[in-house]
Structures are given as structure tokens and as C-alpha cells.
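Trainee: Can you read through this structure? Questions will come right after.
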Amino acid sequence: MVNKIFTIAAFIGVPLSIIGSLLHWSSILMFVIYCLTIISLSSFMGRATESLAIVAGPRIGGLLNATFGNAVELIIAIFALREGLTEVVLASLTGSVLGNLLLVAGLSFFIGGLKYKRQQFNVYDARHNSGLLIFAVIVAFVIPEVFTMNMNAEKTLSLSIGIAIILIVLYLAALFFKLVTHRGVYQVEKNGEHGHAHEETPEWSVKKSITILAIATLAVAYVSENLVHTFEVVAESFGWSELFIGIIIVAIVGNAAEHASAVVMAYKNKMDIAVEIAIGSTLQIAMFVAPLLVLVSLLFPSGMSLVFTLPELISMVTAVLLMVSISNDGETNWFEGATLLAAYAIMGIGFYLL
Amino acid sequence: MVNKIFTIAAFIGVPLSIIGSLLHWSSILMFVIYCLTIISLSSFMGRATESLAIVAGPRIGGLLNATFGNAVELIIAIFALREGLTEVVLASLTGSVLGNLLLVAGLSFFIGGLKYKRQQFNVYDARHNSGLLIFAVIVAFVIPEVFTMNMNAEKTLSLSIGIAIILIVLYLAALFFKLVTHRGVYQVEKNGEHGHAHEETPEWSVKKSITILAIATLAVAYVSENLVHTFEVVAESFGWSELFIGIIIVAIVGNAAEHASAVVMAYKNKMDIAVEIAIGSTLQIAMFVAPLLVLVSLLFPSGMSLVFTLPELISMVTAVLLMVSISNDGETNWFEGATLLAAYAIMGIGFYLL
Amino acid sequence: MVNKIFTIAAFIGVPLSIIGSLLHWSSILMFVIYCLTIISLSSFMGRATESLAIVAGPRIGGLLNATFGNAVELIIAIFALREGLTEVVLASLTGSVLGNLLLVAGLSFFIGGLKYKRQQFNVYDARHNSGLLIFAVIVAFVIPEVFTMNMNAEKTLSLSIGIAIILIVLYLAALFFKLVTHRGVYQVEKNGEHGHAHEETPEWSVKKSITILAIATLAVAYVSENLVHTFEVVAESFGWSELFIGIIIVAIVGNAAEHASAVVMAYKNKMDIAVEIAIGSTLQIAMFVAPLLVLVSLLFPSGMSLVFTLPELISMVTAVLLMVSISNDGETNWFEGATLLAAYAIMGIGFYLL
């Protein structure tokens, strides 16, 4: 049912996006059309990824989910960078980190917890992720903030480039660690985990999944480019700041697909995948998408430094500390979900009033 | 013996408080009388609560202990708010958080640890509490500090109100979680825990306990109102700041009863109750008393925002990180108590010199 | 082989240091000679300590290693203090903390992890150390930073002295706890741990070890005094700041011996000793050397307050959070080592650009 709605939305949204932009419909109308179209396209990407994930197994499946959820965001961000909207990009990175860590994980834990009293996930993965969250957000994002307070723009950018390269190298090392040198080393034995994977049948074939992924990605790219051009008018009309658009709108639009699939996984008590989507996606944003955008920004006139505003940075740091503390025992329940959602609500009010 | 002294102190203190205030005795003398009277009344409230707690079992017992220890503080704070002393109130909240987390827990762990080499408490409760400490202090208190740096007073108050409501809702959700949906789910099996509860006989009957609680609470309210009026003169005479009075004097006077009962529990190796008093009380201050005072302050001319001074905030944040790290394994010893006390001493010196 | 090189370096370095300083060779040449001489002397101290450590067992062995690694640093720092170079001293303390926590531990975990898939160490010690790291760096170093922002110099120094005394007292209490009241209480059983200790034979006798330690320490003191006098010229010539010299050069020169022995221990899978050197040494710097230098500085005209620059402080705080998160489970692998090294690299670039 939900899938049908998304299918119809996509098949209406893409042509409408093209027609509307050619006929110069009002920016606010187009903003809404673009957002809905991206969300419905994301859903296609999500379903295609899901089909691939079932074939590939839970670990790679979660990785695939995270990657293509973030592909949408990467595309939007590159178009925003080309327009010189570095603040919007940094804000949307913040929004993705907060959205994944607090909203996606919070909803997953909460809704999963309404059905199951205690839900468990691999505690080794949780600790591995905790270390990376602290490395990426608390070390790699905080250091440039503090060190560049009295630095000129050139040195600030140099520091950001250095950190970006280190982040990407460590991200690749983490993949190498997980998939090659320590594959299966920290496996927690679980009843029927492998059985589950075999029971399910993918919705689409591998070939069809990849085709849909490719087409949907191209369509998202086209719509994203147009979306970015509506930001200024929308911001003015609603009295929103670029920051708010980046943190709330772009982050929610860009991550809608992941939100949905993580919650579904939690509801099926597949917490390993739900956590992999929420936290894995956060790590990919912080350790791969963000530094990649710093490097990509060098191709454009205005380079983007990895220097967030103080509210953005502190929100991410406190969100990480909260998540590390909550995920540390490899167990969740509805109240832990509620705590994450409450933290998201507090930050949401804060960014709205800012 | 100690109880007798407190009884005599209360029976002398209350009439002296009334006579002295009518005859306009010197403010400094009255300040001392008021403080001692409140401490002795707190002791009555503590004994009444203890009697109720024995009947109610360890979990609810700890909760009762925390509630009525904080009742005194809530009363003092409301009178201070009516006088527009928002800084004193914020300082006394800080003082309570630090006092409970570092002084009460520190003394409990230290003195309990002198008798027992290793003391254990429920590690699930410890982790649950860690999550809440981080949520309340590191998210809910830090966010307004950072976000309101460039905000006007009106928006600052709006943010504080929003956060206050979220804190109270989550606090109630936490009670619902602990007492309803997950009651006993995380119980660690212990030898003779239930046996102990039955062995003890309450000092007073339930009826007598409630009567004494009610009368003592009223008396505390009366004395607190007068106490608040002496702050200005006392501060001037001793060269103390309002901050120091709030953090040290009000916090110690307001929490004396809890201090005593937590240490006694630790000495009896009932660490679950000692920890529940120290950390549970901190959480009640941060998630219930503080936000309630924000809402109550709206009835008075000067609304209180949840924006602490930087030294207050950083002290609480570092105290939380220390406590989370120390309590995380569900075990204590004398050295962990000493570490908490050393942290309290450092902050005490800091606030004194401020 | 390596030992021979160090022996030759020491026997050439010490006379060269004396001759060069008498003949007023260029400061930059002498700076290099002094640094290499200190490193080679450190290696002697390291070997002597190692010999003593084999006799004394792993716990005391690690302690001895840490102590004499830091002896070199303490000596350099005292000469720098006498010259009024308080900023260099604070920077070198920062450099030691970062060097031990990130570089030494990072290299140990990384290189040990290349040989062994999973390496384990005593999880109780890890948690004990985590508590102390948070106490020392996050409480005792952060509090003066925040509290003294509006304080005059006199009060700032008073606060530092108070904190210094508390740190030293708690450090001694920690030794008392580890070696007296709770010796062996938290021992994790391991196969052949004791067997290993007996197999090894010390390189030198206890008497020879102590003699070499004494002579090398005196030589280090002499060279260090001269080294300090070259800082100004070297800083000017290379366009480095005092900060950079302190954090990078002094820290690496002063800790070279420890670096080497921790990595060797990790390679032999003796992770308890490797961790004891890295983290134990950090704690000794933070809880003993730093406060001792504050007290020693009172003998000189310019007293040293325990107030780091913000980049120094934030680097140490984030390094501690990272290490606490990584060491918390009592296990390491090559990737955790890589993460620590990546954090060190980020900070290194930051301090270089500062």
C-alpha cells in the first residue's frame, strides 16, 4: 500500500518537477514538489537496496542501506556547494548526524521497544561504533572549531583538508577492518540469524535493483539541483534561516528512506540492521560524506572548511555522548528510544528559535 | 543519640525561628538558626521517609528518600524565586547536583568502602541512570547555554520552557518505565535482598510517618521563607557571593538529610539504596525540580531561564562524566569515593574563589 | 643492534654536548645534539628500568617504566620553569599526555594488533584508569580553565595550588589503593602470566641498573639545562612557536624511551604492561608531574598556573574521551590503534598550523 503511494508519487513527481521548472511555477510550490519527489525516489532506492541487502546478508545490507540513503544527501550537497551555500551544507551534515543518531535510532528503539521488552544487538559492533563516533565528531569536528578561532581562512582550510584526508583514510581502514581482517571475529551467536536471511526473498532481482538504483539516483540528482535553487525564496517566505532549512528540511528529505527502513527493521526485531542503518549512516556522513564534500568544495570558488557553528557542533557532540552511553550495553528498550527522541526535540526547538 | 540531638534541635529551633524573626534579631544569628532548624527538620523528614521506605521496599524507598530530600529544596527555591533571586536558585540547583553526585555518593562509596572491599549495585540501574544523567545535564542543560548566546530574553525563556516540559515528560516516562513496563525486568539476583527488607521494622507507623512528614514540611516552608530574606545581609557580611550561598549553603542545608541516609545505607552495604538516593536525587533535581521551577517562575515577575553560569554548567557536566565513568561497572570501592570527593573539593575551592 | 647504536650515540653525545656548549657552537646544531643525546640516555634509563622491572613483576615494572620515562621530562620542565618558560612547560605537559595516550598507545595497539587479532588486558585496571583520566584531565584541568576566565592572577594561582595538592594526594591514594588495600583484588586470571615473568632474565643486575639510572639521570639533567637555552633561537629560525616546540619536540624527546618499550611489550602481547606504560604514564604526568611543577614553580619568580591554552585543553579532553571509549572493554586490535594515531595526526596538524 505504502509502496504504491510512493510509486504513484514518483511517477507524478518527476514529470511535474520537469514541467514546473520549465513553466517557472512558484518557488514554494516547486520546493514542495521537489521534496516529495525526492522522498518518493528515495523509497525506490530504499527498496532496491533492500533487495540487494537480502542477497548480500545483514552486514553488507546495512552498509548498502546507509550508502544509498546518503547518496541522495551527497548529491544535494554537491549542488548546494556549487552555489556557494557552504553554510547550508554544513547544516545539512549536522542535520543528518542528528537525524540519524537521535531521530532514526530513537524511533527504531521506541517503536521496536513497544513490541519487544528488551532488544539486543551486537555489543562489539556497538563499541566499535562508539569509538568511531567519538573519533569523528568529538575529535575530528571539535579540533578545527577550537584551533581555528584565531586562524586565517587559508590555514583553516588547510587544517580542514588535512582532517578530511585522515577521516577518509580511517573510514576506508574501518571498512577493511570490518570486511577483511576482522570479518566475523566479533560475531555474537544468535538463534536463527542466518536462517532468517535465507527465508526472505528479495522483492526485485539483482539486475532490476541495480537498474532502478541507477535511474532513481539520476532523477534525484536532477531534482536536487532544482531544489537548491528554491532555498533562498523559501527561506525568505517562511522567515526561516538557511541553517534551519539545512538542518531540518534537507536532512529529513535526504534521510526519509533510511528512517523508514530502520524503523521497519526494529519492528521486525532485527536490531543489528536497524543500528547499522542509524549509526552506520551517521559514521558515513561524518567520516566519508563530510570530508568528501570538503575536498569536492576545492573544485568550486568557495572552499568549505570543516568548521561548524557552535550550536551545530555542541548538538552533535552531546548527541554522540548520549548515543554512546545508551548503546554501550548492546540493549535497547522503548525508554531509551524516548530519551533519544526527547534530545532531538530539544535540539529541534533550539534550532527553530535560533 | 544523634536522633535525640536533632529532636531537641527541632523543638528549640522552630520556636526560636518564630521568636527571633518577630523580635528582629540580627540577620546572621537568624541565618544560623534557620539553617540548623531546617537540617533538624530534614532529619525528621528523613526518618519518616525511612519508615515509609521500609514498608514500601528498596526501589520505592529510594524514590521516597529522594523526593522528600528534594522537597526541602523545592520549597526554599520557590521562596527565592518569589524574591526574584533566580541566580541563587540556579546556583542551589547546581549545588544539589554536585552535592548529590560528588559529596553524597563520594562519602557513601568512601565510607562503605572502608568496611567492604568491593561493593556492588545493580549495573542495569547504573546504566539507565547514566543515560538519564547525560540526557539531563549534558543535553538539556548544555543546549540552552550554547543556543542562547545570541538570543534575546524572550526566545531564551521560550527555549527554557520547551526544554522544561520535555524534561518533566521524560521524567514521568522514566517512572512509568521503572515502575510499570519494566518493573523487575533488570533485577540482578542477590542473596537475601528480600529477606533484609522483611527483617527490618519501621521506626514509626505509616500514619505517624505521614503526619510527621506533613508537619515538618510545613515548618520547613515557614523557616525557608525567612531564610531567604537573610541571604543579602549574610552575603554582604561574609563577603560571599549569592552564587556561593546558593551552591554551598543552600545545597548543604537542603540535602543534609539525604547525605546522612545515603552514607548509613552504604555502611550497611545496601548500595542499591545509597546509589538510588545519590543519583536518583540528582536526576530528580535535574529532570523534575529544575524544570518545575522554570514553569513556576512564570507566575512571578522575573521568569527563570535554564541558563546556568559557565562554571556551574561545566562543573555539572564534568561531575556527570566522572560519575558515569565510575558507576558504569556496578561496583564501588573506597578509592572511587575518594575520587568523587576530590572532584567536589576542587569545585568547592573554585566556587569559593569565584 | 639498536642498543649498540644508542650506546655509541650516548658516548659520543655527552662529550659533544659539553664541548659544543663550551665552544659556543651554533644553537641549532647544539639543539639537535642535545635532543639525540637525551634520547640515547633515555634508552639507557629504559633498559635499566626494564631490568629492574623484570625483577619487580609486571605491575611495579610498569610503574617504574612510567616513572623514569617521566623523570626526563620533569628535569627538562624544571629547567624551563627556572627560565620562566611556563608556556613551554604547559605545552610539554600537553604533549606528553597526547603523546602517551595517542601516539604510544596507538603505536602499541596498532603494531601489537598486526601480529595478534585480539589483544586483551585487565579490564578492571582499564576502568580504574578511565576514572582517573576523567578526574585528572576533565575535572582537574578543565575546572581552572573555566573558573579563572574572570579571575585575577593571584586567585588563579591559588586555585592551581589547591588543585595541585588535591591531585598529588589522590595520586598517592591511588598508589596506596593499587599496591596496598586492593593489591591483586581485581586480578584477571591468565594463562602463564607468572610463568613468563620467571622465564625472562634481566639484562643488568639490580645494582648495575640503579647505577646506570643515576648516572644517566644526572647526564640528562645537564643536557636538559643546555637544551632549554636553545629554544628561543630554534623557534625563531624555524618559524615555530614555543607551543609547538613544547608539544612536539620536548614531548617526543622526553618520551622516546617509553614509546619504544611500550611498543615492544605490545609486540610480545604483554598488553597489561604496554597499557600501564601508556596510560599509567599519562596519569603520572597529569596527577603527579603537572601538579608538582605548579608547586615547584612557586620557588621561581613566575608561578605556573594550571591553565592550559584552549587548544591544549580541548586536545587532552578529546584524547581522554577517545581513550576511555576505546580501552573500556579491555581489548584492542590494530584498528583501535589506527584510530588513536589518526587522532594524534589531526592534533599534530592543528598544533603545527596554530
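Order determines the names: the first chain of the C-alpha cells is A, the second B, and so forth; residues in each chain are numbered 1 upward, and ligands are numbered 1 upward as they are shown.
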Would you give me, as a PyMOL selection string, the residues of chain A that come within 10 Å of chain C, using only C-alpha atoms?

Mentor: chain A and resi 124+127-128+130-140+142-152+155-156+158-160+162-167+169-171+173-174+176-178+181-182+185-186+321+324+328

Trainee: From a DSSP calculation on the backbone, collect every residue of range 74-114 of chain B in alpha helix (DSSP H) and output the set as a PyMOL selection string.

Mentor: chain B and resi 74-82+86-98+105-114

Trainee: Looking at only C-alpha atoms, which of C:Gly330, C:Pro15, C:Gly254, C:Gly246 is the one that sits closest to Val275 in chain C?

Mentor: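 Nearest to Val275 in chain C: C:Gly330.
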